[in-house]
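First comes the structure, then the notes that go with it.
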Amino acid sequence: MTTATETGCFETRAIHVGYDRQTNADAVSVPIYASAAFDLENARRGDALAGGSLPGFEYSRVANPTVDALERRLASLEGGVGAVALSSGMAAVSYALMCVAEGGGRIVAPVNLYGASVDALGDFLPKFGIYGDFVSDINDLASVEAVIGPDTKAIFTESVANPSTAVADIEGLADLAHKHGIPLIVDNTVPTPYLLRPIEFGADIVVHSTTKGITGHGNALGGVVVDAGRFDWNNGRFPQFTREELVISDQRAGEWHSFHSRFGNQAFIKRIRIKYLRTFGAVQSPFNAYMQLIGLETLTVREKQEVASATAIAKHLTTLSHVTSVNYAALEDSPTYDLALKYLPNGIGTILSFTVEGDGSNVERILDATKVFSYVPNIGDSRSLIVNPTKVTHREVPAGYYDAAGVSDNLIRLSIGLENVDDLIADLDQAIAGAY
Ligand SMILES: *Cc1c(COP(=O)(O)O)cnc(C)c1O
C-alpha cells in the first residue's frame with residue numbers, strides 16, 4: 001500500500017496523512033522539494049492552475065509539495081479542513097489576528113499569553129487598528145463577555161498557558177464567542193494536537209508554533225494556522241470575507257467572487273494563503289517542513305515520555321525546600337485542575353514552572369548550576385531546558401500583568417525533554433540546594 005490512510009488513529013495519521021508515495025517516485029520519506037517554481041507545462045494548464053480551477057503547484061511562496069504534506073498532516077491531526085504552514089509561530093499568530101480583525105477591530109485575550117503575543121495585541125497591532133482587550137482570567141466568562149462589543153472580532157487564548165500551564169475553558173469560550181457571532185482562536189502550542197485538539201471543543205481557528213513540541217528537537221522554526229471550517233463569516237461582522245476580490249475572480253469572464261462566495265466555510269484559511277502568505281510572504285521552507293514532518297513521526301512517543309517525566313518532576317519539586325510553589329495544571333491543587341482533567345486527560349504538556357525563595361540572585365545561581373538542563377529560551381525540545389521568563393521569554397510582558405500572567409522574578413520555567421528522569425531530578429536537586 002502506498003497511499004496513506006486519512007482516517008486512522010492519531011498515531012497512524014501522524015506518520016501517513018497528506019503524502020502519496022506513488023506520485024513521488026515511491027520515496028518512503030517525504031522529499032524536500034527545493035524548487036522555487038513549478039513547470040506549468042502548457043498554456044491551458046497554466047491558465048487553469050493560476051485561476052485555481054486545477055490543483056497544483058506554481059510558485060513556492062504560495063504552495064510547495066513538501067510544505068503541502070506538512071499542512072495536510074497538521075490539518076488532519078487538529079481536525080481542521082485546511083492549514084497553512086508559516087515560517088514561525090509568531091507569523092501564524094500575527095496572520096490569524098490580522099486576518100480576523102482586518103481593517104480594524106478588537107480582540108479579547110488573557111494577559112497570560114506568550115510575551116510576543118502580548119506585545120502584538122497590546123502595543124504593535126494597535127498601530128494597524130487592531131486592539132487587544134485584555135482580561136486577567138480568560139476562564140471568568142462574565143468578564144470576557146463584559147468586554148465584547150460591536151467591534152470585537154475574536155476571542156484569542158492559549159489552550160495551556162506558558163509558563164503558568166493554566167488551562168483555558170475552550171468549550172465555554174467557544175459557546176460565548178459564537179453567541180456573539182465571533183470566532184474562538186486558540187494557540188495550541190504547549191499541549192500539541194496529541195494532547196488536546198481545541199476544534200473538538202468548538203474552537204474555530206488553531207495556531208501553533210511548530211518550532212516547539214511538533215518539531216520536537218529544537219532545530220527548525222515554524223508555525224501553522226488550522227481552520228475548523230465551521231465559522232459563518234457572512235454574518236455582517238467580517239466585510240473582508242464578503243467583498244469581491246480580483247485575486248480570486250475571473251475579470252475577463254465577468255465572474256466576481258468574495259472569499260466567502262468562492263470558498264464558503266474555508267474562507268479564512270484561503271484568505272491566509274491567498275492574501276497574507278502571498279503578500280507578507282512568511283513562507284515555511286521545504287527543509288523546515290521536512291524537519292517538522294520527521295518530528296511529527298515521533299510526536300506521540302515523545303509526548304508520552306516527556307509528560308510522564310514532567311509530572312514526576314512537578315511532584316518532586318513540591319517536596320523540596322526553597323521551592324515556594326509549583327505550576328503544573330495536572331497537580332490536584334492547581335487552580336485549573338478540573339479543566340486539565342476535562343480537556344487534557346493524557347497530560348497537559350511538557351512545560352512547568354516553579355517559584356523559589358530569595359531573590360533574583362538565587363534564581364541566577366540555580367540557572368548557572370544545572371548541568372543536564374540547558375539555559376535556553378525554547379520549549380518542546382528533546383533536551384531539557386530551563387529559563388527565567390521575566391528576564392527572557394516574557395520580557396515584553398508589562399510588570400502590571402505579572403500576577404495575572406503567572407510570572408514573577410522568582411519564577412523558573414522548565415521544558416522537559418527525553419533524558420532519564422532520575423538524571424533530571426538529581427540535576428535540579430543539586431542546583432537548588434547549592435543556591436542557598
Ligand atoms: C514560542 C511560542 C510562540 C512563537 O513561536 P515562534 O515559532 O517562536 O515564532 C507563540 N506562542 C506560544 C505559546 C509559544 O510558546
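Lettering and numbering for the C-alpha cells are positional, with chains as A, B, ... in the shown order, residues counted from 1 in each chain, and ligands counted from 1 in the shown order.
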All residues having an atom within 9 Å of ligand 1 (only C-alpha atoms and all ligand atoms) as an MDAnalysis selection string
chainID A and resid 87:93 113:117 158:163 187:190 207:212 220:223 377:380 393
Please write the residues from the selection above to a file, keeping C-alpha atoms, as an mmCIF file, in the first residue's frame.
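File produced: selection_39.cif:
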data_model
loop_
_atom_site.group_PDB
_atom_site.id
_atom_site.type_symbol
_atom_site.label_atom_id
_atom_site.label_comp_id
_atom_site.auth_asym_id
_atom_site.auth_seq_id
_atom_site.Cartn_x
_atom_site.Cartn_y
_atom_site.Cartn_z
ATOM 1 C CA SER A 87 7.947 30.424 8.854
ATOM 2 C CA SER A 88 7.358 30.842 12.606
ATOM 3 C CA GLY A 89 4.751 30.681 15.320
ATOM 4 C CA MET A 90 4.592 34.468 15.512
ATOM 5 C CA ALA A 91 3.824 34.610 11.775
ATOM 6 C CA ALA A 92 0.890 32.262 12.467
ATOM 7 C CA VAL A 93 -0.341 34.333 15.434
ATOM 8 C CA LEU A 113 -0.346 34.988 26.535
ATOM 9 C CA TYR A 114 3.143 34.319 25.184
ATOM 10 C CA GLY A 115 5.225 37.506 25.559
ATOM 11 C CA ALA A 116 5.418 38.379 21.862
ATOM 12 C CA SER A 117 1.644 37.894 21.526
ATOM 13 C CA GLU A 158 -3.702 29.763 24.617
ATOM 14 C CA SER A 159 -5.083 26.315 25.428
ATOM 15 C CA VAL A 160 -2.382 25.769 28.059
ATOM 16 C CA ALA A 161 -0.645 28.979 29.088
ATOM 17 C CA ASN A 162 3.115 29.343 29.045
ATOM 18 C CA PRO A 163 4.640 29.305 31.720
ATOM 19 C CA ASP A 187 -2.830 28.944 20.348
ATOM 20 C CA ASN A 188 -2.358 25.217 20.988
ATOM 21 C CA THR A 189 1.450 25.205 21.067
ATOM 22 C CA VAL A 190 2.039 23.864 24.579
ATOM 23 C CA VAL A 207 -2.468 28.305 15.623
ATOM 24 C CA HIS A 208 0.830 26.740 16.655
ATOM 25 C CA SER A 209 4.447 27.481 16.986
ATOM 26 C CA THR A 210 5.525 24.223 15.352
ATOM 27 C CA THR A 211 9.044 25.167 16.497
ATOM 28 C CA LYS A 212 8.176 23.572 19.846
ATOM 29 C CA ALA A 220 13.686 24.341 12.978
ATOM 30 C CA LEU A 221 11.306 27.277 13.274
ATOM 31 C CA GLY A 222 7.775 27.039 12.009
ATOM 32 C CA GLY A 223 4.157 27.932 12.574
ATOM 33 C CA PRO A 377 14.651 30.204 25.680
ATOM 34 C CA ASN A 378 12.684 27.455 23.953
ATOM 35 C CA ILE A 379 10.222 24.680 24.821
ATOM 36 C CA GLY A 380 9.335 21.286 23.366
ATOM 37 C CA THR A 393 10.857 34.773 27.166
#
If you run DSSP on this backbone, which residues of region 16-189 of chain A come out as strand (DSSP E), and could you give them as number ranges by chain?
A: 82-86, 105-110, 130-135, 152-158, 184-187
Within 10 Å of Ala312 (chain A), counting only C-alpha atoms, which residues show up once you throw out same-chain ones fewer than 6 positions away? Write them as a list in words, please.
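After dropping sequence-adjacent residues, the list is Glu306, Val421, Asp422 and Ile425 of chain A.
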How about saving the chosen residues, N, CA and C atoms kept, as a PDB file, in the first residue's frame?
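Written out: selection-v9.pdb:
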ATOM      1  N   GLU A 306       7.745  12.563  27.828  1.00  0.00           N
ATOM      2  CA  GLU A 306       8.010  13.881  28.419  1.00  0.00           C
ATOM      3  C   GLU A 306       6.928  14.271  29.432  1.00  0.00           C
ATOM      4  N   VAL A 421      14.661  10.565  33.645  1.00  0.00           N
ATOM      5  CA  VAL A 421      14.041  11.460  34.627  1.00  0.00           C
ATOM      6  C   VAL A 421      14.839  11.529  35.930  1.00  0.00           C
ATOM      7  N   ASP A 422      15.520  10.442  36.295  1.00  0.00           N
ATOM      8  CA  ASP A 422      16.314  10.477  37.527  1.00  0.00           C
ATOM      9  C   ASP A 422      17.482  11.456  37.394  1.00  0.00           C
ATOM     10  N   ILE A 425      15.982  14.980  37.780  1.00  0.00           N
ATOM     11  CA  ILE A 425      15.653  15.313  39.174  1.00  0.00           C
ATOM     12  C   ILE A 425      16.933  15.577  39.973  1.00  0.00           C
TER      13      ILE A 425
END
Close residues, Ala340 (chain A) itself excluded, 12 Å, only C-alpha atoms, min 3 positions apart in chain, as a PyMOL selection string:
chain A and resi 159-161+165-170+191+195-196+328-337+343-349
Taking into account only C-alpha atoms, which residue in the set A:Phe124, A:Phe10, A:Tyr19, A:Phe231 is nearest to Ile182 (chain A)?
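Of A:Phe124, A:Phe10, A:Tyr19, A:Phe231, the one nearest Ile182 (chain A), counting only C-alpha atoms, is A:Phe231.
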Using only C-alpha atoms, find each residue of region 271-311 of chain A with at least one atom at most 12 Å away from an atom of region 242-256 of chain A; report its shortest atom-to-atom pair and that distance in Å (one decimal), sort the rows by chain and rising residue number, and return the result as JSON lines.
{"residue": "A:Arg271", "atom": "CA", "partner": "A:Ile248", "partner_atom": "CA", "distance": 9.9}
{"residue": "A:Arg273", "atom": "CA", "partner": "A:Val247", "partner_atom": "CA", "distance": 11.7}
{"residue": "A:Ile274", "atom": "CA", "partner": "A:Val247", "partner_atom": "CA", "distance": 7.9}
{"residue": "A:Lys275", "atom": "CA", "partner": "A:Val247", "partner_atom": "CA", "distance": 8.5}
{"residue": "A:Arg278", "atom": "CA", "partner": "A:Val247", "partner_atom": "CA", "distance": 10.6}
{"residue": "A:Thr279", "atom": "CA", "partner": "A:Val247", "partner_atom": "CA", "distance": 11.6}
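Distance check against Gln430 (chain A) using only C-alpha atoms: of A:Ser353, A:Leu320, A:Ser143, A:Ser382, the minimum falls on A:Leu320.
Distance annotation: of A:Ala431, A:Ile155, A:Gln240, A:Ala50, the residue with the minimal separation from Asp368 (chain A) is A:Ala431; atom set is only C-alpha atoms.
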If we count only C-alpha atoms, what is near Gly417 (chain A) at a cut-off of 10 Å, once residues fewer than 4 positions away on the same chain are taken out, given as number ranges by chain?
A: 213, 216-217, 302-303, 305-307, 309-310, 350-351, 373, 379-385, 421, 424
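Computed from the coordinates, the CA of Ser321 (chain A) to CA of Ile386 (chain A) distance equals 18.9 Å.
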With a distance cut-off of 12 Å and only C-alpha atoms, select the neighbouring residues of Glu357 (chain A), excluding the residue or stretch itself and same-chain residues fewer than 3 positions from it, and output the selection as a list of chain:residue names.
A:Leu320, A:Ser321, A:His322, A:Val323, A:Thr324, A:Ser325, A:Phe354, A:Gly360, A:Ser361, A:Asn362, A:Val363, A:Ile366, A:Ser408, A:Asp409, A:Asn410, A:Leu411, A:Ile412, A:Ile432, A:Ala433, A:Ala435, A:Tyr436
Output for the residues just chosen: N, CA, C and O atoms as an mmCIF file, in the first residue's frame:
data_model
loop_
_atom_site.group_PDB
_atom_site.id
_atom_site.type_symbol
_atom_site.label_atom_id
_atom_site.label_comp_id
_atom_site.auth_asym_id
_atom_site.auth_seq_id
_atom_site.Cartn_x
_atom_site.Cartn_y
_atom_site.Cartn_z
ATOM 1 N N LEU A 320 10.479 19.894 47.753
ATOM 2 C CA LEU A 320 11.803 20.483 48.006
ATOM 3 C C LEU A 320 11.707 21.740 48.872
ATOM 4 O O LEU A 320 10.802 22.564 48.682
ATOM 5 N N SER A 321 12.676 21.892 49.793
ATOM 6 C CA SER A 321 12.767 23.169 50.482
ATOM 7 C C SER A 321 13.321 24.193 49.491
ATOM 8 O O SER A 321 13.988 23.836 48.504
ATOM 9 N N HIS A 322 13.029 25.452 49.759
ATOM 10 C CA HIS A 322 13.360 26.604 48.903
ATOM 11 C C HIS A 322 12.402 26.740 47.712
ATOM 12 O O HIS A 322 12.421 27.781 47.055
ATOM 13 N N VAL A 323 11.594 25.717 47.416
ATOM 14 C CA VAL A 323 10.602 25.853 46.335
ATOM 15 C C VAL A 323 9.291 26.292 46.975
ATOM 16 O O VAL A 323 8.764 25.612 47.855
ATOM 17 N N THR A 324 8.773 27.463 46.538
ATOM 18 C CA THR A 324 7.594 28.020 47.217
ATOM 19 C C THR A 324 6.290 27.692 46.500
ATOM 20 O O THR A 324 5.229 27.702 47.108
ATOM 21 N N SER A 325 6.320 27.405 45.207
ATOM 22 C CA SER A 325 5.101 26.973 44.516
ATOM 23 C C SER A 325 5.498 26.267 43.229
ATOM 24 O O SER A 325 6.577 26.523 42.679
ATOM 25 N N PHE A 354 8.093 26.928 38.467
ATOM 26 C CA PHE A 354 8.076 26.945 39.937
ATOM 27 C C PHE A 354 8.738 28.223 40.436
ATOM 28 O O PHE A 354 9.551 28.834 39.733
ATOM 29 N N GLY A 360 16.412 37.461 42.874
ATOM 30 C CA GLY A 360 16.970 37.164 41.556
ATOM 31 C C GLY A 360 18.324 36.483 41.612
ATOM 32 O O GLY A 360 18.676 35.704 40.716
ATOM 33 N N SER A 361 19.099 36.740 42.677
ATOM 34 C CA SER A 361 20.430 36.133 42.727
ATOM 35 C C SER A 361 20.331 34.623 42.975
ATOM 36 O O SER A 361 21.156 33.847 42.477
ATOM 37 N N ASN A 362 19.311 34.184 43.732
ATOM 38 C CA ASN A 362 19.130 32.737 43.919
ATOM 39 C C ASN A 362 18.711 32.077 42.602
ATOM 40 O O ASN A 362 19.177 30.996 42.250
ATOM 41 N N VAL A 363 17.825 32.776 41.880
ATOM 42 C CA VAL A 363 17.405 32.258 40.569
ATOM 43 C C VAL A 363 18.625 32.126 39.652
ATOM 44 O O VAL A 363 18.821 31.093 39.000
ATOM 45 N N ILE A 366 20.719 29.097 40.472
ATOM 46 C CA ILE A 366 20.113 27.833 40.006
ATOM 47 C C ILE A 366 20.352 27.678 38.498
ATOM 48 O O ILE A 366 20.774 26.622 38.019
ATOM 49 N N SER A 408 6.810 35.968 37.757
ATOM 50 C CA SER A 408 7.457 36.853 38.722
ATOM 51 C C SER A 408 8.953 36.664 38.545
ATOM 52 O O SER A 408 9.404 35.727 37.877
ATOM 53 N N ASP A 409 9.729 37.552 39.180
ATOM 54 C CA ASP A 409 11.186 37.440 39.051
ATOM 55 C C ASP A 409 11.728 36.204 39.768
ATOM 56 O O ASP A 409 12.877 35.820 39.545
ATOM 57 N N ASN A 410 10.917 35.568 40.622
ATOM 58 C CA ASN A 410 11.352 34.349 41.311
ATOM 59 C C ASN A 410 10.900 33.077 40.583
ATOM 60 O O ASN A 410 11.007 31.983 41.127
ATOM 61 N N LEU A 411 10.370 33.252 39.397
ATOM 62 C CA LEU A 411 9.824 32.098 38.665
ATOM 63 C C LEU A 411 10.867 31.504 37.716
ATOM 64 O O LEU A 411 11.588 32.232 37.027
ATOM 65 N N ILE A 412 10.882 30.175 37.699
ATOM 66 C CA ILE A 412 11.758 29.440 36.774
ATOM 67 C C ILE A 412 10.869 28.511 35.945
ATOM 68 O O ILE A 412 9.991 27.832 36.488
ATOM 69 N N ILE A 432 19.330 23.504 43.085
ATOM 70 C CA ILE A 432 18.526 24.267 44.053
ATOM 71 C C ILE A 432 19.211 24.258 45.419
ATOM 72 O O ILE A 432 19.355 25.313 46.070
ATOM 73 N N ALA A 433 19.694 23.093 45.854
ATOM 74 C CA ALA A 433 20.340 23.015 47.169
ATOM 75 C C ALA A 433 21.565 23.916 47.221
ATOM 76 O O ALA A 433 21.824 24.583 48.243
ATOM 77 N N ALA A 435 22.071 26.695 45.768
ATOM 78 C CA ALA A 435 21.808 28.120 45.513
ATOM 79 C C ALA A 435 21.502 28.900 46.790
ATOM 80 O O ALA A 435 21.240 30.098 46.726
ATOM 81 N N TYR A 436 21.516 28.216 47.926
ATOM 82 C CA TYR A 436 21.153 28.902 49.190
ATOM 83 C C TYR A 436 22.217 28.711 50.252
ATOM 84 O O TYR A 436 22.955 27.739 50.219
#
Could you pull the residues within 12 Å of Gly46 (chain A), counting only C-alpha atoms, minus those fewer than 6 positions along the same chain, as a list of chain:residue names?
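The filter keeps A:Phe38, A:Asp39, A:Leu40, A:Gly52, A:Ser53, A:Leu54, A:Pro55, A:Gly56, A:Phe57, A:Glu58, A:Tyr59.
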In terms of only C-alpha atoms, the residue from A:Thr7, A:Ile416, A:Pro286, A:Ala404 at minimal distance from Thr311 (chain A) is A:Ile416
May I have a table of the residues of region 247-360 of chain A lying at most 9 Å from region 71-78 of chain A, giving each one's closest pair of atoms and their distance in Å to one decimal, counting only C-alpha atoms, ordered by chain and ascending residue number, as JSON lines?
{"residue": "A:Ala289", "atom": "CA", "partner": "A:Glu71", "partner_atom": "CA", "distance": 8.9}
{"residue": "A:Leu293", "atom": "CA", "partner": "A:Arg73", "partner_atom": "CA", "distance": 8.3}
{"residue": "A:Leu296", "atom": "CA", "partner": "A:Arg73", "partner_atom": "CA", "distance": 8.8}
Secondary structure check, helix (DSSP H, G or I) residues of region 237-422 of chain A, as a ChimeraX atom specification:
/A:239-242,246-248,259-280,286-297,299-317,337-343,360-369,389-391,399-405,421-422
